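Printed here is input16.txt (compact mmCIF, C-alpha atoms):
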# COMPACT_ATOMS: atom_id res chain seq x y z
CA MET A 778 12.13 -9.40 -8.12
CA THR A 779 13.09 -12.19 -5.75
CA ALA A 780 10.28 -14.59 -4.91
CA GLU A 781 9.87 -15.77 -1.36
CA LYS A 782 7.27 -17.51 0.73
CA PRO A 783 4.19 -15.28 1.10
CA ILE A 784 4.44 -13.32 4.30
CA GLY A 785 1.51 -11.63 5.99
CA ALA A 786 2.45 -8.90 8.40
CA ALA A 787 0.62 -6.64 10.78
CA PRO A 788 1.15 -2.92 10.25
CA GLN A 789 4.34 -1.33 11.53
CA ASP A 790 4.17 0.34 14.95
CA GLY A 791 2.16 3.54 14.86
CA ALA A 792 1.19 3.06 11.24
CA GLY A 793 -2.52 3.60 11.63
CA PHE A 794 -4.45 6.83 11.15
CA GLY A 795 -7.86 5.27 11.72
CA GLU A 796 -10.20 4.76 8.79
CA LEU A 797 -11.48 7.35 6.35
CA ARG A 798 -14.93 6.64 4.93
CA ALA A 799 -16.76 7.64 1.77
CA GLY A 800 -20.14 5.93 1.85
CA HIS A 801 -19.65 2.17 2.00
CA LEU A 802 -15.97 2.50 1.06
CA GLY A 803 -13.18 3.00 3.57
CA VAL A 804 -9.42 3.39 3.46
CA ARG A 805 -7.01 2.34 6.21
CA ILE A 806 -3.83 0.39 6.90
CA ALA A 807 -4.00 -3.42 6.90
CA GLY A 808 -4.26 -4.69 10.46
CA SER A 809 -3.73 -8.44 10.15
CA PRO A 810 -1.87 -11.10 8.15
CA ALA A 811 -5.21 -12.10 6.61
CA GLU A 812 -5.64 -8.62 5.17
CA VAL A 813 -2.11 -8.64 3.76
CA ASP A 814 -2.92 -12.01 2.17
CA ALA A 815 -6.00 -10.43 0.58
CA VAL A 816 -3.78 -7.63 -0.77
CA GLN A 817 -1.39 -10.16 -2.30
CA ALA A 818 -4.30 -12.05 -3.87
CA LEU A 819 -5.67 -8.83 -5.39
CA ARG A 820 -2.24 -7.93 -6.75
CA PHE A 821 -1.92 -11.39 -8.33
CA ARG A 822 -5.29 -11.04 -10.08
CA VAL A 823 -4.48 -7.58 -11.44
CA PHE A 824 -0.77 -7.88 -12.28
CA TYR A 825 -0.59 -11.48 -13.49
CA GLU A 826 -4.05 -12.52 -14.64
CA GLU A 827 -5.13 -9.19 -16.09
CA MET A 828 -1.98 -7.29 -17.08
CA GLY A 829 0.12 -10.21 -18.28
CA ALA A 830 2.97 -10.27 -15.78
CA THR A 831 5.02 -13.47 -15.71
CA PRO A 832 4.89 -15.17 -12.29
CA GLU A 833 7.81 -16.97 -10.75
CA PRO A 834 6.98 -20.56 -9.70
CA THR A 835 6.27 -19.80 -6.04
CA VAL A 836 4.10 -16.83 -6.97
CA ALA A 837 2.13 -18.91 -9.46
CA ALA A 838 1.67 -21.75 -6.98
CA ALA A 839 0.44 -19.46 -4.21
CA ARG A 840 -1.57 -17.23 -6.56
CA ARG A 841 -0.23 -14.36 -4.50
CA ASP A 842 2.03 -11.49 -5.60
CA HIS A 843 4.63 -11.32 -2.84
CA ASP A 844 8.23 -10.41 -2.16
CA ARG A 845 10.48 -9.68 0.80
CA PHE A 846 9.30 -6.09 1.06
CA ASP A 847 5.75 -7.05 2.04
CA ALA A 848 6.83 -8.06 5.54
CA VAL A 849 8.25 -4.61 6.35
CA ALA A 850 5.68 -2.49 4.51
CA ASP A 851 2.45 -0.87 5.55
CA HIS A 852 -0.36 -1.87 3.19
CA LEU A 853 -2.99 0.74 2.43
CA LEU A 854 -6.39 -0.83 1.82
CA VAL A 855 -9.61 0.29 0.21
CA ILE A 856 -12.40 -1.72 1.81
CA ASP A 857 -15.90 -2.16 0.42
CA HIS A 858 -17.97 -2.51 3.59
CA ALA A 859 -20.93 -3.66 1.49
CA ILE A 860 -18.93 -6.87 1.02
CA GLY A 861 -17.33 -6.98 4.45
CA PRO A 862 -15.12 -5.02 6.87
CA GLY A 863 -12.08 -7.29 6.63
CA PRO A 864 -10.06 -9.27 4.06
CA GLU A 865 -13.14 -10.16 2.06
CA GLY A 866 -13.77 -6.47 1.32
CA VAL A 867 -10.33 -5.50 -0.02
CA VAL A 868 -10.74 -3.88 -3.46
CA GLY A 869 -7.70 -1.58 -3.70
CA THR A 870 -4.22 -1.25 -2.27
CA TYR A 871 -0.95 0.68 -2.15
CA ARG A 872 2.31 -0.52 -0.58
CA LEU A 873 4.04 2.04 1.66
CA ILE A 874 7.65 1.59 2.81
CA GLN A 875 9.39 4.05 5.12
CA GLN A 876 13.18 4.28 5.19
CA PRO A 877 13.77 2.37 8.46
CA ALA A 878 11.60 -0.47 7.12
CA ALA A 879 13.47 -0.46 3.79
CA GLU A 880 16.76 -0.76 5.65
CA ARG A 881 15.48 -3.91 7.35
CA ALA A 882 14.73 -5.34 3.90
CA GLY A 883 18.15 -4.45 2.53
CA GLY A 884 17.14 -1.24 0.76
CA PHE A 885 14.23 0.22 -1.17
CA TYR A 886 12.50 -1.80 -3.90
CA SER A 887 13.19 1.02 -6.39
CA ALA A 888 16.94 0.51 -5.92
CA GLY A 889 16.62 -2.58 -8.12
CA GLU A 890 15.91 -0.24 -11.05
CA TYR A 891 17.28 3.18 -10.09
CA LYS A 892 20.18 4.83 -8.32
CA VAL A 893 18.34 6.35 -5.37
CA ALA A 894 21.39 7.92 -3.66
CA PRO A 895 20.15 11.49 -4.31
CA LEU A 896 16.93 10.68 -2.46
CA LEU A 897 18.78 9.11 0.45
CA ARG A 898 20.66 12.39 0.88
CA PHE A 899 17.41 14.35 1.16
CA PRO A 900 17.13 15.91 4.66
CA GLY A 901 13.73 14.57 5.58
CA ARG A 902 11.57 11.49 5.99
CA LEU A 903 11.22 9.27 2.93
CA LEU A 904 8.33 7.07 1.81
CA GLU A 905 8.40 4.65 -1.11
CA LEU A 906 5.09 4.02 -2.87
CA GLY A 907 4.47 0.93 -4.96
CA ARG A 908 2.33 -2.04 -5.95
CA SER A 909 -0.75 0.10 -6.49
CA CYS A 910 -3.76 -1.67 -7.92
CA VAL A 911 -7.55 -1.62 -7.83
CA ASP A 912 -10.04 -4.36 -8.65
CA ALA A 913 -11.43 -3.93 -12.17
CA ALA A 914 -14.96 -3.33 -10.89
CA TYR A 915 -13.81 -0.42 -8.72
CA ARG A 916 -11.66 1.63 -11.10
CA ASN A 917 -13.45 4.90 -10.72
CA ARG A 918 -12.77 8.39 -9.44
CA ALA A 919 -14.20 7.69 -5.98
CA VAL A 920 -11.81 4.82 -5.25
CA MET A 921 -8.76 6.66 -6.62
CA GLN A 922 -9.61 9.73 -4.57
CA LEU A 923 -9.96 7.55 -1.50
CA LEU A 924 -6.53 6.01 -2.08
CA TRP A 925 -5.02 9.49 -2.39
CA ARG A 926 -6.80 10.58 0.80
CA GLY A 927 -5.28 7.56 2.54
CA ILE A 928 -1.80 8.41 1.29
CA ALA A 929 -2.22 12.03 2.38
CA ALA A 930 -3.38 10.97 5.85
CA TYR A 931 -0.43 8.57 6.17
CA VAL A 932 2.01 11.24 5.01
CA PHE A 933 0.55 13.70 7.51
CA HIS A 934 0.53 11.14 10.33
CA HIS A 935 4.20 10.26 9.82
CA ARG A 936 5.42 13.73 8.76
CA ILE A 937 6.78 12.37 5.47
CA ASP A 938 8.77 14.95 3.49
CA LEU A 939 9.42 13.12 0.22
CA MET A 940 7.74 10.19 -1.47
CA PHE A 941 8.88 8.28 -4.52
CA GLY A 942 8.51 5.03 -6.40
CA CYS A 943 8.42 3.35 -9.79
CA ALA A 944 5.36 4.07 -11.92
CA SER A 945 4.52 2.03 -14.98
CA LEU A 946 3.55 2.50 -18.61
CA PRO A 947 1.99 -0.54 -20.32
CA GLY A 948 4.04 -2.98 -22.39
CA THR A 949 7.76 -3.46 -22.82
CA ASP A 950 8.35 -1.52 -26.06
CA PRO A 951 9.63 1.99 -25.23
CA ASP A 952 8.89 3.16 -28.75
CA ALA A 953 5.20 2.39 -28.19
CA VAL A 954 5.22 4.97 -25.37
CA ALA A 955 7.73 7.32 -27.01
CA ALA A 956 5.47 10.37 -26.77
CA GLU A 957 4.83 9.83 -23.06
CA LEU A 958 8.51 9.27 -22.24
CA THR A 959 9.65 12.26 -24.27
CA TYR A 960 7.03 14.50 -22.67
CA LEU A 961 7.98 13.41 -19.15
CA TYR A 962 11.68 14.00 -19.77
CA TYR A 963 11.35 17.48 -21.23
CA HIS A 964 8.58 18.78 -18.97
CA HIS A 965 8.82 16.96 -15.64
CA LEU A 966 12.46 15.94 -15.13
CA ALA A 967 13.48 16.16 -11.47
CA PRO A 968 16.10 18.73 -10.43
CA PRO A 969 19.58 17.16 -10.08
CA ALA A 970 19.43 16.99 -6.27
CA LEU A 971 16.27 14.86 -6.43
CA ARG A 972 16.91 12.94 -9.65
CA PRO A 973 17.13 9.14 -9.54
CA ARG A 974 18.90 7.67 -12.57
CA ALA A 975 18.20 4.27 -14.07
CA LEU A 976 20.89 1.70 -13.37
CA GLU A 977 23.38 1.61 -16.22
CA ASP A 978 22.55 -1.94 -17.29
CA ARG A 979 18.82 -1.14 -17.34
CA TYR A 980 18.89 2.42 -18.68
CA VAL A 981 16.47 3.18 -21.54
CA GLU A 982 16.62 6.59 -23.19
CA MET A 983 13.47 8.69 -22.62
CA ARG A 984 14.24 11.28 -25.34
CA ARG A 985 12.74 9.30 -28.18
CA LEU A 986 11.04 12.04 -30.23
CA ASP A 987 11.90 15.56 -31.31
CA PRO A 988 10.41 17.74 -28.55
CA ARG A 989 9.75 20.52 -31.07
CA THR A 990 7.18 18.36 -32.88
CA LEU A 991 5.71 16.69 -29.81
CA ASP A 992 1.98 17.16 -29.22
CA GLN A 993 2.22 17.88 -25.49
CA ARG A 994 -1.50 17.76 -24.81
CA ARG A 995 -1.89 14.37 -26.50
CA ALA A 996 1.20 12.97 -24.76
CA ARG A 997 -0.07 14.02 -21.36
CA ALA A 998 -3.51 12.56 -22.12
CA LEU A 999 -1.88 9.20 -22.92
CA LEU A 1000 -0.24 8.95 -19.49
CA PRO A 1001 -1.69 6.42 -17.04
CA PRO A 1002 -3.96 7.99 -14.38
CA LEU A 1003 -1.48 7.19 -11.62
CA ILE A 1004 1.33 9.16 -13.26
CA LYS A 1005 -1.07 12.03 -13.97
CA GLY A 1006 -1.92 12.04 -10.28
CA TYR A 1007 1.72 12.38 -9.30
CA LEU A 1008 2.20 15.23 -11.78
CA ARG A 1009 -0.83 17.08 -10.41
CA LEU A 1010 0.91 17.03 -7.04
CA GLY A 1011 3.97 18.67 -8.57
CA GLY A 1012 5.82 15.40 -9.05
CA PHE A 1013 8.99 14.88 -11.09
CA VAL A 1014 10.45 11.91 -12.95
CA GLY A 1015 13.94 10.47 -12.80
CA GLU A 1016 16.33 10.10 -15.72
CA GLY A 1017 15.99 7.01 -17.86
CA ALA A 1018 13.22 4.47 -18.16
CA VAL A 1019 13.51 0.79 -17.21
CA ILE A 1020 11.91 -2.20 -18.92
CA ASP A 1021 10.39 -4.62 -16.42
CA ARG A 1022 9.77 -7.74 -18.48
CA GLN A 1023 8.38 -9.71 -15.56
CA PHE A 1024 5.60 -7.18 -15.01
CA ASN A 1025 5.21 -6.32 -18.72
CA THR A 1026 5.83 -2.60 -18.18
CA VAL A 1027 8.10 0.33 -18.95
CA ASP A 1028 8.89 2.00 -15.62
CA VAL A 1029 9.76 5.57 -14.73
CA ALA A 1030 10.89 6.84 -11.34
CA VAL A 1031 8.56 9.39 -9.78
CA VAL A 1032 9.48 11.82 -6.97
CA VAL A 1033 7.00 14.00 -5.06
CA LYS A 1034 7.73 16.50 -2.32
CA THR A 1035 4.80 16.24 0.05
CA ASP A 1036 4.07 19.93 0.60
CA LEU A 1037 1.00 19.92 -1.63
CA VAL A 1038 -0.15 16.53 -0.32
CA THR A 1039 -0.12 17.53 3.33
CA ASP A 1040 -1.08 21.20 3.09
CA LYS A 1041 -4.83 20.61 3.11
CA TYR A 1042 -4.45 18.05 5.90
CA TYR A 1043 -2.49 20.48 8.08
CA ARG A 1044 -5.24 23.04 7.57
CA HIS A 1045 -7.91 20.46 8.34
CA TYR A 1046 -6.33 19.23 11.58
CA GLU A 1047 -5.33 22.72 12.70
CA ARG A 1048 -8.95 23.80 12.26
CA GLN A 1049 -10.15 20.82 14.28
CA LEU A 1050 -7.71 21.66 17.07
CA ARG A 1051 -8.70 25.34 17.05
CA ASP A 1052 -12.39 24.47 17.20
CA ALA A 1053 -11.77 22.11 20.13
CA LEU A 1054 -9.96 24.83 22.10
CA GLU A 1055 -12.50 27.58 21.53
Translate the structure described by the file into structure tokens.
Amino acid sequence: MTAEKPIGAAPQDGAGFGELRAGHLGVRIAGSPAEVDAVQALRFRVFYEEMGATPEPTVAAARRDHDRFDAVADHLLVIDHAIGPGPEGVVGTYRLIQQPAAERAGGFYSAGEYKVAPLLRFPGRLLELGRSCVDAAYRNRAVMQLLWRGIAAYVFHHRIDLMFGCASLPGTDPDAVAAELTYLYYHHLAPPALRPRALEDRYVEMRRLDPRTLDQRRARALLPPLIKGYLRLGGFVGEGAVIDRQFNTVDVAVVVKTDLVTDKYYRHYERQLRDALE
């Protein structure tokens, strides 16, 4: 990852879908540079202070996780209104990058780890998901559900057809997550037309155990909640894992067609429209 001066950016044109609320929590797109700064501060606390990522000098000095993609991205926020309605209330985030925005940044972030050419050939609108994190005090079902509701609303709003990104397993030893990698390869590998492949110089074999002796239930249980969420939506994984030593993770590429994500939102908005016309 290339470090640059922290950049706060307002959301891209037409990014907003309003705010969805669940009690004192809300989810929406960042609307100011100050809110993007709060996102970068949260990411620094989680990725570097808590999870052991190694910051580059400018990142360490600013105490902000930032790169060139932040300026072109939309930043999904979970806000705790009991703390405040703006930057002070940011407790969760997801970075969302559409294809036109990625082109302005020189390509998708995932292209630094995977060959994404199959995805670029997909006949529909693409969305890259990344940099997901939640403050330690808010890691519960309600906040995760709210983040997913925000993603679904964004996908519906922009008519996204395919979303993808790099998801992480903890640590940098692939043998420590051998069961998870083996399970993902044999049970959730993407079809060839939608299969990113790890770059040759970063490729790590996922088939690390004999699939005939693999305890599938245990392997699935060991997966991080975020990857489980993608799989519940019918997601696939790419071929090959990648070790990200800076972020202290083993990464896999995840691909999700948005049919299941948007279906309930289409029904919801169609019902609202029907009720308004009757």
Worksheet item: For the atom pair CA of Leu939 in chain A and CA of Pro895 in chain A, what is the interatomic distance in Å to one decimal place?
Response: 11.8 Å
Discussion item. Env of range 982-989 of chain A: 9 Å cut, atoms = all atoms listed in the file, seq-sep filter 6 positions within chain, self excluded. Answer as a PyMOL selection string.
Written reply: chain A and resi 951-952+955-963+1016-1019
Worksheet entry | Selected residue, from A:Pro1001, A:Pro973, A:Leu903, A:Arg916, that lies nearest to Thr1035 in chain A when counting all atoms listed in the file |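 Comparing A:Pro1001, A:Pro973, A:Leu903, A:Arg916 against Thr1035 in chain A, the winner is A:Leu903.
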Worksheet item: Between CA of Gly863 in chain A and CA of Glu796 in chain A, what is the distance, to one decimal in Å?
Response: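 Atom-to-atom, CA of Gly863 in chain A and CA of Glu796 in chain A are spaced 12.4 Å apart.
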Worksheet item: A:Ala913, A:Val1038, A:Arg972, A:Ala944: which is nearest Pro1002 in chain A, counting only C-alpha atoms?
Response: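 Selected residue with least distance to Pro1002 in chain A: A:Ala944.
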Discussion item. If I take CA of Gln922 in chain A and CA of Arg1009 in chain A, how far is one from the other in Å, to one decimal?
Written reply: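 Going from CA of Gln922 in chain A over to CA of Arg1009 in chain A, I get 12.9 Å.
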Starting from 6 Å padding per side, set up an axis-aligned box that covers all listed atoms of range 990-998 of chain A and hand over centre and edge lengths in Å, one decimal, as AutoDock Vina command-line options.
--center_x 1.8 --center_y 15.5 --center_z -27.1 --size_x 22.7 --size_y 17.8 --size_z 23.5
Worksheet item: For Arg822 in chain A, which of A:Glu977, A:Ile856, A:Ala807, A:Asp912 is the closest residue, counting all atoms listed in the file?
Response: A:Asp912
Cut-off 12 Å: closest range 942-1035 of chain A/range 923-937 of chain A atom pairs per residue, using only C-alpha atoms, as JSON lines:
{"residue": "A:Leu1003", "atom": "CA", "partner": "A:Trp925", "partner_atom": "CA", "distance": 10.1}
{"residue": "A:Gly1006", "atom": "CA", "partner": "A:Trp925", "partner_atom": "CA", "distance": 8.9}
{"residue": "A:Tyr1007", "atom": "CA", "partner": "A:Trp925", "partner_atom": "CA", "distance": 10.1}
{"residue": "A:Arg1009", "atom": "CA", "partner": "A:Trp925", "partner_atom": "CA", "distance": 11.8}
{"residue": "A:Leu1010", "atom": "CA", "partner": "A:Trp925", "partner_atom": "CA", "distance": 10.7}
{"residue": "A:Val1033", "atom": "CA", "partner": "A:Ile937", "partner_atom": "CA", "distance": 10.7}
{"residue": "A:Lys1034", "atom": "CA", "partner": "A:Ile937", "partner_atom": "CA", "distance": 8.9}
{"residue": "A:Thr1035", "atom": "CA", "partner": "A:Ile937", "partner_atom": "CA", "distance": 6.9}
Worksheet entry | Of the listed residues A:Phe1013, A:Tyr871, A:Phe794, A:Tyr915, that which approaches Arg820 in chain A most closely, counting only C-alpha atoms |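 Among the listed residues, A:Tyr871 lies closest to Arg820 in chain A.
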All residues 7 Å or closer to Leu976 in chain A, all atoms listed in the file, same chain fewer than 5 positions away omitted, as a short mmCIF file (atom, residue, chain, number, x, y, z; two decimals) with C-alpha atoms, in the coordinates of the input:
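Result saved to around_20.cif:
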data_model
loop_
_atom_site.label_atom_id
_atom_site.label_comp_id
_atom_site.auth_asym_id
_atom_site.auth_seq_id
_atom_site.Cartn_x
_atom_site.Cartn_y
_atom_site.Cartn_z
CA GLU A 890 15.91 -0.24 -11.05
CA TYR A 891 17.28 3.18 -10.09
CA LYS A 892 20.18 4.83 -8.32
#
Worksheet entry | Of the listed residues A:Gln817, A:Thr990, A:Thr1039, A:Asn1025, that which approaches Arg908 in chain A most closely, counting all atoms listed in the file |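 The answer is A:Gln817, which sits nearest to Arg908 in chain A.
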